[in-house]
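A.B. asks: Sharing query-v2.tsv here; it has TSV, C-alpha atoms.
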```tsv
chain	number	residue	atom	x	y	z
J	1	MET	CA	-15.00	28.91	-0.48
J	2	ILE	CA	-12.77	28.51	2.56
J	3	THR	CA	-14.54	26.43	5.18
J	4	ILE	CA	-14.28	27.15	8.91
J	5	LYS	CA	-14.07	24.10	11.15
J	6	THR	CA	-15.67	23.81	14.56
J	7	GLU	CA	-13.68	22.88	17.67
J	8	LYS	CA	-15.25	19.42	17.53
J	9	GLU	CA	-14.23	18.95	13.89
J	10	ILE	CA	-10.67	20.10	14.60
J	11	LYS	CA	-10.47	17.63	17.47
J	12	VAL	CA	-11.38	14.78	15.11
J	13	MET	CA	-8.88	16.02	12.53
J	14	ALA	CA	-6.21	16.21	15.23
J	15	GLU	CA	-6.85	12.56	16.14
J	16	GLY	CA	-6.36	11.46	12.53
J	17	ALA	CA	-3.32	13.71	12.06
J	18	ARG	CA	-1.63	12.28	15.15
J	19	ILE	CA	-2.17	8.74	13.84
J	20	LEU	CA	-0.72	9.79	10.49
J	21	ALA	CA	2.35	11.33	12.15
J	22	GLU	CA	2.92	8.12	14.11
J	23	ILE	CA	2.77	6.11	10.88
J	24	VAL	CA	5.30	8.43	9.25
J	25	GLU	CA	7.65	7.84	12.18
J	26	LYS	CA	7.42	4.10	11.57
J	27	LEU	CA	8.04	4.53	7.83
J	28	LYS	CA	11.10	6.71	8.48
J	29	LYS	CA	12.81	3.78	10.22
J	30	ARG	CA	12.40	1.62	7.11
J	31	VAL	CA	13.93	4.08	4.65
J	32	LYS	CA	17.39	2.75	3.81
J	33	PRO	CA	19.39	1.56	0.80
J	34	GLY	CA	17.97	-1.62	-0.72
J	35	ILE	CA	14.26	-1.13	-0.02
J	36	THR	CA	11.84	-0.47	-2.88
J	37	THR	CA	9.30	2.33	-2.90
J	38	LYS	CA	6.56	-0.26	-3.45
J	39	GLN	CA	7.56	-2.01	-0.22
J	40	LEU	CA	7.17	1.29	1.62
J	41	ASP	CA	3.74	1.75	0.04
J	42	LYS	CA	2.60	-1.71	1.16
J	43	LEU	CA	3.81	-1.04	4.69
J	44	ALA	CA	2.08	2.35	4.80
J	45	GLU	CA	-1.22	0.87	3.60
J	46	SER	CA	-1.00	-1.90	6.20
J	47	LEU	CA	-0.33	0.61	8.99
J	48	ILE	CA	-3.14	2.93	7.88
J	49	LEU	CA	-5.71	0.13	7.67
J	50	LYS	CA	-4.56	-1.29	11.01
J	51	SER	CA	-5.12	2.15	12.60
J	52	GLY	CA	-8.75	2.16	11.51
J	53	GLY	CA	-8.20	4.80	8.83
J	54	LYS	CA	-8.40	4.59	5.05
J	55	CYS	CA	-5.85	5.47	2.34
J	56	ASN	CA	-7.18	8.75	1.03
J	57	PHE	CA	-4.60	9.13	-1.75
J	58	LYS	CA	-5.58	5.87	-3.47
J	59	GLY	CA	-8.17	6.69	-6.12
J	60	GLU	CA	-7.76	10.47	-5.78
J	61	ASP	CA	-7.59	11.63	-9.41
J	62	ASN	CA	-7.05	7.92	-10.23
J	63	PHE	CA	-3.81	7.73	-8.22
J	64	PRO	CA	-3.03	4.01	-7.92
J	65	ALA	CA	-1.17	3.82	-4.60
J	66	CYS	CA	-1.53	4.68	-0.92
J	67	ILE	CA	1.47	7.03	-0.71
J	68	CYS	CA	3.64	9.16	-2.99
J	69	THR	CA	7.35	8.28	-3.07
J	70	SER	CA	9.31	10.97	-4.92
J	71	VAL	CA	13.05	10.44	-5.34
J	72	ASN	CA	15.75	13.04	-6.07
J	73	GLU	CA	14.53	15.23	-8.97
J	74	GLU	CA	10.93	14.06	-8.49
J	75	ILE	CA	9.05	16.77	-6.60
J	76	VAL	CA	5.69	15.19	-5.76
J	77	HIS	CA	3.14	12.50	-6.67
J	78	ALA	CA	5.56	9.78	-7.84
J	79	VAL	CA	3.92	6.35	-7.91
J	80	PRO	CA	5.61	3.65	-5.79
J	81	SER	CA	7.33	1.01	-7.92
J	82	GLU	CA	10.06	-1.63	-7.93
J	83	ARG	CA	12.63	1.18	-7.81
J	84	VAL	CA	15.31	0.31	-5.29
J	85	LEU	CA	16.52	3.17	-3.10
J	86	LYS	CA	20.26	3.60	-3.10
J	87	GLU	CA	22.84	5.33	-0.92
J	88	GLY	CA	22.80	9.08	-1.49
J	89	ASP	CA	19.17	9.34	-2.69
J	90	ILE	CA	16.68	11.65	-1.05
J	91	LEU	CA	13.09	10.42	-0.73
J	92	SER	CA	9.95	12.45	-0.22
J	93	LEU	CA	7.17	10.52	1.52
J	94	ASP	CA	3.78	12.19	1.02
J	95	LEU	CA	0.76	10.48	2.54
J	96	GLY	CA	-2.56	10.93	4.22
J	97	LEU	CA	-5.46	9.04	5.70
J	98	LEU	CA	-9.21	9.46	6.04
J	99	TRP	CA	-10.32	9.45	9.67
J	100	LYS	CA	-13.97	9.67	10.74
J	101	GLY	CA	-14.91	11.57	7.59
J	102	PHE	CA	-11.97	13.99	7.62
J	103	HIS	CA	-8.78	13.95	5.58
J	104	THR	CA	-5.22	14.31	6.82
J	105	ASP	CA	-2.04	14.95	4.80
J	106	MET	CA	1.68	15.42	5.46
J	107	ALA	CA	5.06	15.01	3.78
J	108	ILE	CA	8.70	14.64	4.74
J	109	THR	CA	11.93	14.31	2.75
J	110	LEU	CA	14.46	11.83	4.08
J	111	PRO	CA	18.07	10.94	3.36
J	112	VAL	CA	18.74	7.42	2.12
J	113	GLY	CA	21.93	6.47	3.90
J	114	LYS	CA	24.65	9.10	3.67
J	115	ILE	CA	23.82	12.02	1.38
J	116	SER	CA	25.88	14.93	0.04
J	117	PHE	CA	26.38	18.12	2.01
J	118	ALA	CA	24.41	20.02	-0.65
J	119	ALA	CA	21.46	17.64	-0.29
J	120	GLN	CA	21.61	17.91	3.51
J	121	ARG	CA	21.43	21.68	3.18
J	122	LEU	CA	18.47	21.46	0.77
J	123	LEU	CA	16.53	19.37	3.29
J	124	ARG	CA	17.43	21.68	6.16
J	125	VAL	CA	16.40	24.83	4.28
J	126	THR	CA	13.10	23.32	3.08
J	127	LYS	CA	12.19	22.18	6.59
J	128	LYS	CA	13.05	25.59	8.01
J	129	ALA	CA	10.99	27.30	5.27
J	130	LEU	CA	7.98	25.30	6.44
J	131	SER	CA	8.64	26.32	10.05
J	132	ARG	CA	8.80	29.98	9.05
J	133	GLY	CA	5.57	29.67	7.07
J	134	ILE	CA	3.83	28.11	10.07
J	135	LYS	CA	4.88	31.01	12.30
J	136	LYS	CA	3.14	33.39	9.87
J	137	SER	CA	-0.07	31.36	10.05
J	138	LYS	CA	-1.87	33.62	12.50
J	139	VAL	CA	-5.26	35.27	12.65
J	140	GLY	CA	-5.12	38.57	10.76
J	141	ASN	CA	-2.20	37.68	8.51
J	142	THR	CA	-2.77	36.77	4.86
J	143	PHE	CA	-1.78	33.78	2.78
J	144	GLY	CA	0.42	36.18	0.85
J	145	ASP	CA	2.35	36.79	4.08
J	146	ILE	CA	3.03	33.03	4.32
J	147	GLY	CA	4.11	32.69	0.68
J	148	GLU	CA	6.34	35.76	0.79
J	149	THR	CA	8.06	34.54	3.96
J	150	ILE	CA	8.77	31.10	2.49
J	151	GLN	CA	9.97	32.46	-0.84
J	152	ARG	CA	12.20	35.14	0.68
J	153	TYR	CA	13.94	32.69	3.00
J	154	VAL	CA	14.41	29.97	0.36
J	155	GLU	CA	15.81	32.36	-2.23
J	156	SER	CA	18.10	33.95	0.35
J	157	GLN	CA	19.68	30.50	0.73
J	158	GLY	CA	20.29	30.13	-3.01
J	159	PHE	CA	17.40	27.76	-3.78
J	160	ASN	CA	14.05	28.18	-5.54
J	161	VAL	CA	10.41	27.47	-4.69
J	162	VAL	CA	8.22	25.61	-7.14
J	163	ARG	CA	5.61	27.99	-8.57
J	164	ASP	CA	3.16	25.57	-10.20
J	165	LEU	CA	2.31	23.47	-7.13
J	166	CYS	CA	0.98	24.66	-3.81
J	167	GLY	CA	-0.48	23.97	-0.38
J	168	HIS	CA	-4.21	23.73	0.21
J	169	GLY	CA	-7.13	23.73	2.57
J	170	ILE	CA	-8.22	20.35	3.93
J	171	GLY	CA	-11.26	18.88	5.65
J	172	ARG	CA	-14.04	16.64	4.38
J	173	LYS	CA	-12.20	16.86	1.05
J	174	LEU	CA	-8.50	16.23	0.61
J	175	HIS	CA	-8.01	19.42	-1.39
J	176	GLU	CA	-10.13	22.41	-0.40
J	177	ASP	CA	-9.83	26.17	-0.79
J	178	PRO	CA	-7.62	28.08	-0.54
J	179	GLN	CA	-4.69	27.25	-2.76
J	180	ILE	CA	-1.56	28.37	-0.89
J	181	PRO	CA	1.47	29.16	-3.09
J	182	ASN	CA	4.97	29.11	-1.63
J	183	TYR	CA	5.59	32.58	-3.02
J	184	GLY	CA	3.66	35.82	-2.90
J	185	LYS	CA	3.41	39.36	-1.62
J	186	ARG	CA	2.83	40.59	1.90
J	187	HIS	CA	-0.73	41.57	2.84
J	188	LYS	CA	-2.12	39.98	-0.34
J	189	GLY	CA	-4.65	37.16	-0.61
J	190	PRO	CA	-7.37	36.01	1.81
J	191	LYS	CA	-6.97	36.77	5.50
J	192	ILE	CA	-6.30	33.92	7.88
J	193	LYS	CA	-9.17	33.27	10.30
J	194	GLU	CA	-9.72	31.16	13.39
J	195	GLY	CA	-11.05	27.72	12.49
J	196	MET	CA	-9.24	27.40	9.18
J	197	VAL	CA	-7.34	24.14	8.62
J	198	PHE	CA	-4.81	23.91	5.82
J	199	CYS	CA	-1.61	22.26	4.63
J	200	LEU	CA	1.58	24.21	4.06
J	201	GLU	CA	4.05	22.38	1.86
J	202	PRO	CA	7.17	24.12	0.57
J	203	MET	CA	8.62	22.37	-2.48
J	204	VAL	CA	12.17	23.59	-2.98
J	205	THR	CA	14.58	22.96	-5.84
J	206	MET	CA	18.34	23.13	-5.95
J	207	GLY	CA	18.15	24.49	-9.51
J	208	ASP	CA	15.42	25.91	-11.74
J	209	TYR	CA	11.93	26.15	-10.23
J	210	ARG	CA	10.23	25.07	-13.45
J	211	ILE	CA	8.72	21.58	-13.55
J	212	LYS	CA	7.69	18.88	-15.98
J	213	LYS	CA	5.45	15.83	-15.89
J	214	GLY	CA	7.11	12.54	-14.93
J	215	LYS	CA	7.04	9.35	-16.97
J	216	ASP	CA	4.57	7.61	-14.64
J	217	GLY	CA	1.89	10.12	-15.65
J	218	PHE	CA	1.31	11.32	-12.08
J	219	SER	CA	4.60	12.73	-10.79
J	220	PHE	CA	6.15	16.13	-11.33
J	221	GLU	CA	9.90	16.62	-11.48
J	222	THR	CA	12.34	19.47	-11.90
J	223	SER	CA	12.77	20.55	-15.51
J	224	ASP	CA	16.57	20.59	-15.19
J	225	GLY	CA	16.96	17.36	-13.21
J	226	SER	CA	18.07	19.14	-10.05
J	227	LEU	CA	17.27	17.79	-6.58
J	228	SER	CA	14.00	18.74	-4.91
J	229	ALA	CA	12.78	18.52	-1.31
J	230	HIS	CA	9.25	18.67	0.12
J	231	PHE	CA	7.96	19.06	3.67
J	232	GLU	CA	4.29	19.41	4.65
J	233	HIS	CA	2.36	19.95	7.85
J	234	MET	CA	-1.35	20.27	8.51
J	235	ILE	CA	-2.25	23.32	10.61
J	236	ALA	CA	-5.36	24.49	12.47
J	237	ILE	CA	-5.74	28.19	13.25
J	238	THR	CA	-6.64	29.01	16.85
J	239	LYS	CA	-6.85	32.21	18.88
J	240	LYS	CA	-3.49	31.34	20.42
J	241	GLY	CA	-1.84	30.78	17.07
J	242	PRO	CA	-1.15	27.89	14.68
J	243	PHE	CA	-1.71	24.36	15.98
J	244	VAL	CA	0.39	21.87	13.98
J	245	LEU	CA	-1.83	18.80	13.84
J	246	THR	CA	0.70	16.48	12.20
J	247	LYS	CA	3.46	17.13	14.74
J	248	LEU	CA	3.91	14.62	17.52
J	249	PRO	CA	4.14	16.03	21.08
```
Would you mind writing the file out in structure tokens?
C.D. replies:
Amino acid sequence: MITIKTEKEIKVMAEGARILAEIVEKLKKRVKPGITTKQLDKLAESLILKSGGKCNFKGEDNFPACICTSVNEEIVHAVPSERVLKEGDILSLDLGLLWKGFHTDMAITLPVGKISFAAQRLLRVTKKALSRGIKKSKVGNTFGDIGETIQRYVESQGFNVVRDLCGHGIGRKLHEDPQIPNYGKRHKGPKIKEGMVFCLEPMVTMGDYRIKKGKDGFSFETSDGSLSAHFEHMIAITKKGPFVLTKLP
């Protein structure tokens, strides 16, 4: 069942989402060659606890860390480790926090030092796909409209969207209904209504869209080893249109 949030609940979620976005900005400045993904995880946990929030990823389906740090062919859910980031890598940071009983969630893919032109383009297209999906997040549209818009744009640029992972509703639980694929057909699926809060998160591959489980037991990676990018925003639906909660003013 898709839950509808009250204005008061959305206000609380917006507070938590703004704190999360500020933490992501601080993490971005630390992403550079030579740092380990575990160091980024420790920093993120420190910042989240200092803010008064809690790490909502840790313990979710037994996940052992505060954030997900997916590198290159890893799509999502990679566990932070002693892996040292190197020049030319791309890193997806996926994290959230629990704030006053409500969950928040966002993701961003970052260059590590100087990256290839092809990787730059992958990041740019994935970010733009998210922006296009957000614009379709209006009262009266359907979730199929969002998925179709994302898929059509990504494929027009020569990339693919992951089929087996998706966006989701969010609230008192980290993952709520509906599931929101990054592909679909126009006018299909549930209609978007005022008061819905959900996460859109295009996951785009440079090669095949098929995925496989990673060696850490939590991550997913591209089946052909091609690069993957991931951007995610948390959105509340209002009469005036989509309100991106995880975007700083």
A.B. asks: I need the residue nearest Val197 (chain J) from this list: J:Leu27, J:Val79, J:Ala236, J:Ala44. Use all atoms listed in the file for the distance.
C.D. replies: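 Once distances to Val197 (chain J) are computed over all atoms listed in the file, the minimum belongs to J:Ala236.
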A.B. asks: Excluding Gly241 (chain J) and any residue of its chain fewer than 3 positions from it, enumerate the residues within 7 Å of it, using all atoms listed in the file, and give them as a list of chain:residue names.
C.D. replies: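 Within the cut-off, the hits are J:Lys138, J:Ile237, J:Thr238.
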A.B. asks: Would you list the contacts of region 156-168 of chain J as a ChimeraX atom specification, taking every protein, DNA or RNA residue within 6 Å and counting all atoms listed in the file, but skipping same-chain residues closer than 2 positions in sequence?
C.D. replies: /J:153-154,175,178-181,198-201,203-206,209
A.B. asks: I'd like the contact shell of Phe63 (chain J) - 9 Å cut-off, all atoms listed in the file, skipping same-chain residues fewer than 3 positions apart - returned as a PyMOL selection string.
C.D. replies: chain J and resi 57-60+66+77+79+218
A.B. asks: So what do you get for CA of Ile134 (chain J) versus CA of Ala14 (chain J), distance-wise?
C.D. replies: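 So the two atoms, CA of Ile134 (chain J) and CA of Ala14 (chain J), lie 16.4 Å apart.
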A.B. asks: Please determine, counting only C-alpha atoms, which residue among J:Ile4, J:Val125, J:Leu245, J:Ile211 has the shortest atom-to-atom distance to His233 (chain J).
C.D. replies: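 Of J:Ile4, J:Val125, J:Leu245, J:Ile211, the one nearest His233 (chain J) is J:Leu245, counting only C-alpha atoms.
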A.B. asks: My list of candidates is J:Glu7, J:Glu15, J:Glu82, J:Asp216. Which is closest to Met196 (chain J) when distances are computed with all atoms listed in the file?
C.D. replies: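 Checking each candidate against Met196 (chain J), we get J:Glu7 as the closest.
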A.B. asks: Go through J:Arg18, J:Gln151, J:Ser219, J:Lys86 and flag the residue nearest Pro64 (chain J), using all atoms listed in the file for the distances.
C.D. replies: J:Ser219
A.B. asks: List the spatial neighbours of Gly195 (chain J) as a compact mmCIF listing (two decimals) with C-alpha atoms, in the frame of the given file - criterion: any atom at most 12 Å away, all atoms listed in the file, same-chain residues fewer than 5 positions off excluded.
C.D. replies:
```txt
# COMPACT_ATOMS: atom_id res chain seq x y z
CA ILE J 2 -12.77 28.51 2.56
CA THR J 3 -14.54 26.43 5.18
CA ILE J 4 -14.28 27.15 8.91
CA LYS J 5 -14.07 24.10 11.15
CA THR J 6 -15.67 23.81 14.56
CA GLU J 7 -13.68 22.88 17.67
CA LYS J 8 -15.25 19.42 17.53
CA GLU J 9 -14.23 18.95 13.89
CA ILE J 10 -10.67 20.10 14.60
CA LYS J 11 -10.47 17.63 17.47
CA MET J 13 -8.88 16.02 12.53
CA SER J 137 -0.07 31.36 10.05
CA LYS J 138 -1.87 33.62 12.50
CA VAL J 139 -5.26 35.27 12.65
CA GLY J 169 -7.13 23.73 2.57
CA ILE J 170 -8.22 20.35 3.93
CA GLY J 171 -11.26 18.88 5.65
CA ILE J 235 -2.25 23.32 10.61
CA ALA J 236 -5.36 24.49 12.47
CA ILE J 237 -5.74 28.19 13.25
CA THR J 238 -6.64 29.01 16.85
CA LYS J 239 -6.85 32.21 18.88
CA LYS J 240 -3.49 31.34 20.42
CA GLY J 241 -1.84 30.78 17.07
CA PRO J 242 -1.15 27.89 14.68
CA PHE J 243 -1.71 24.36 15.98
```
A.B. asks: How many Å lie between CA of Arg83 (chain J) and CA of Gly207 (chain J), rounded to one decimal?
C.D. replies: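 Rounded to one decimal, the two atoms are 24.0 Å apart.
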A.B. asks: Kindly compute an axis-aligned box around the listed atoms of region 121-129 of chain J, allowing 6 Å on each side, and express its centre and edge lengths in Å to one decimal as JSON.
C.D. replies:
```
{"center_x": 16.2, "center_y": 23.3, "center_z": 4.4, "size_x": 22.4, "size_y": 19.9, "size_z": 19.2}
```
A.B. asks: Within 9 Å of region 106-121 of chain J, which residues of region 13-76 of chain J show up? Give each one with its shortest atom-to-atom distance in Å (one decimal) and the two atoms involved, counting all atoms listed in the file, rows by chain then rising residue number, as a Markdown table.
C.D. replies:
```
| residue | atom | partner | partner_atom | distance |
| --- | --- | --- | --- | --- |
| J:Ala17 | CA | J:Met106 | CA | 8.5 |
| J:Leu20 | CA | J:Met106 | CA | 7.9 |
| J:Ala21 | CA | J:Met106 | CA | 7.9 |
| J:Val24 | CA | J:Ile108 | CA | 8.4 |
| J:Lys28 | CA | J:Leu110 | CA | 7.5 |
| J:Val31 | CA | J:Val112 | CA | 6.4 |
| J:Lys32 | CA | J:Val112 | CA | 5.1 |
| J:Pro33 | CA | J:Val112 | CA | 6.0 |
| J:Ser70 | CA | J:Thr109 | CA | 8.8 |
```
A.B. asks: Which residues are near Lys213 (chain J)? Cut-off 9 Å, only C-alpha atoms, ignore same chain within fewer than 6 positions. Put them as an MDAnalysis selection string.
C.D. replies: chainID J and resid 219:223
A.B. asks: What separation in Å, quoted to one decimal, exists between CA of Ile75 (chain J) and CA of Leu98 (chain J)?
C.D. replies: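 Computed distance, CA of Ile75 (chain J) to CA of Leu98 (chain J), equals 23.4 Å.
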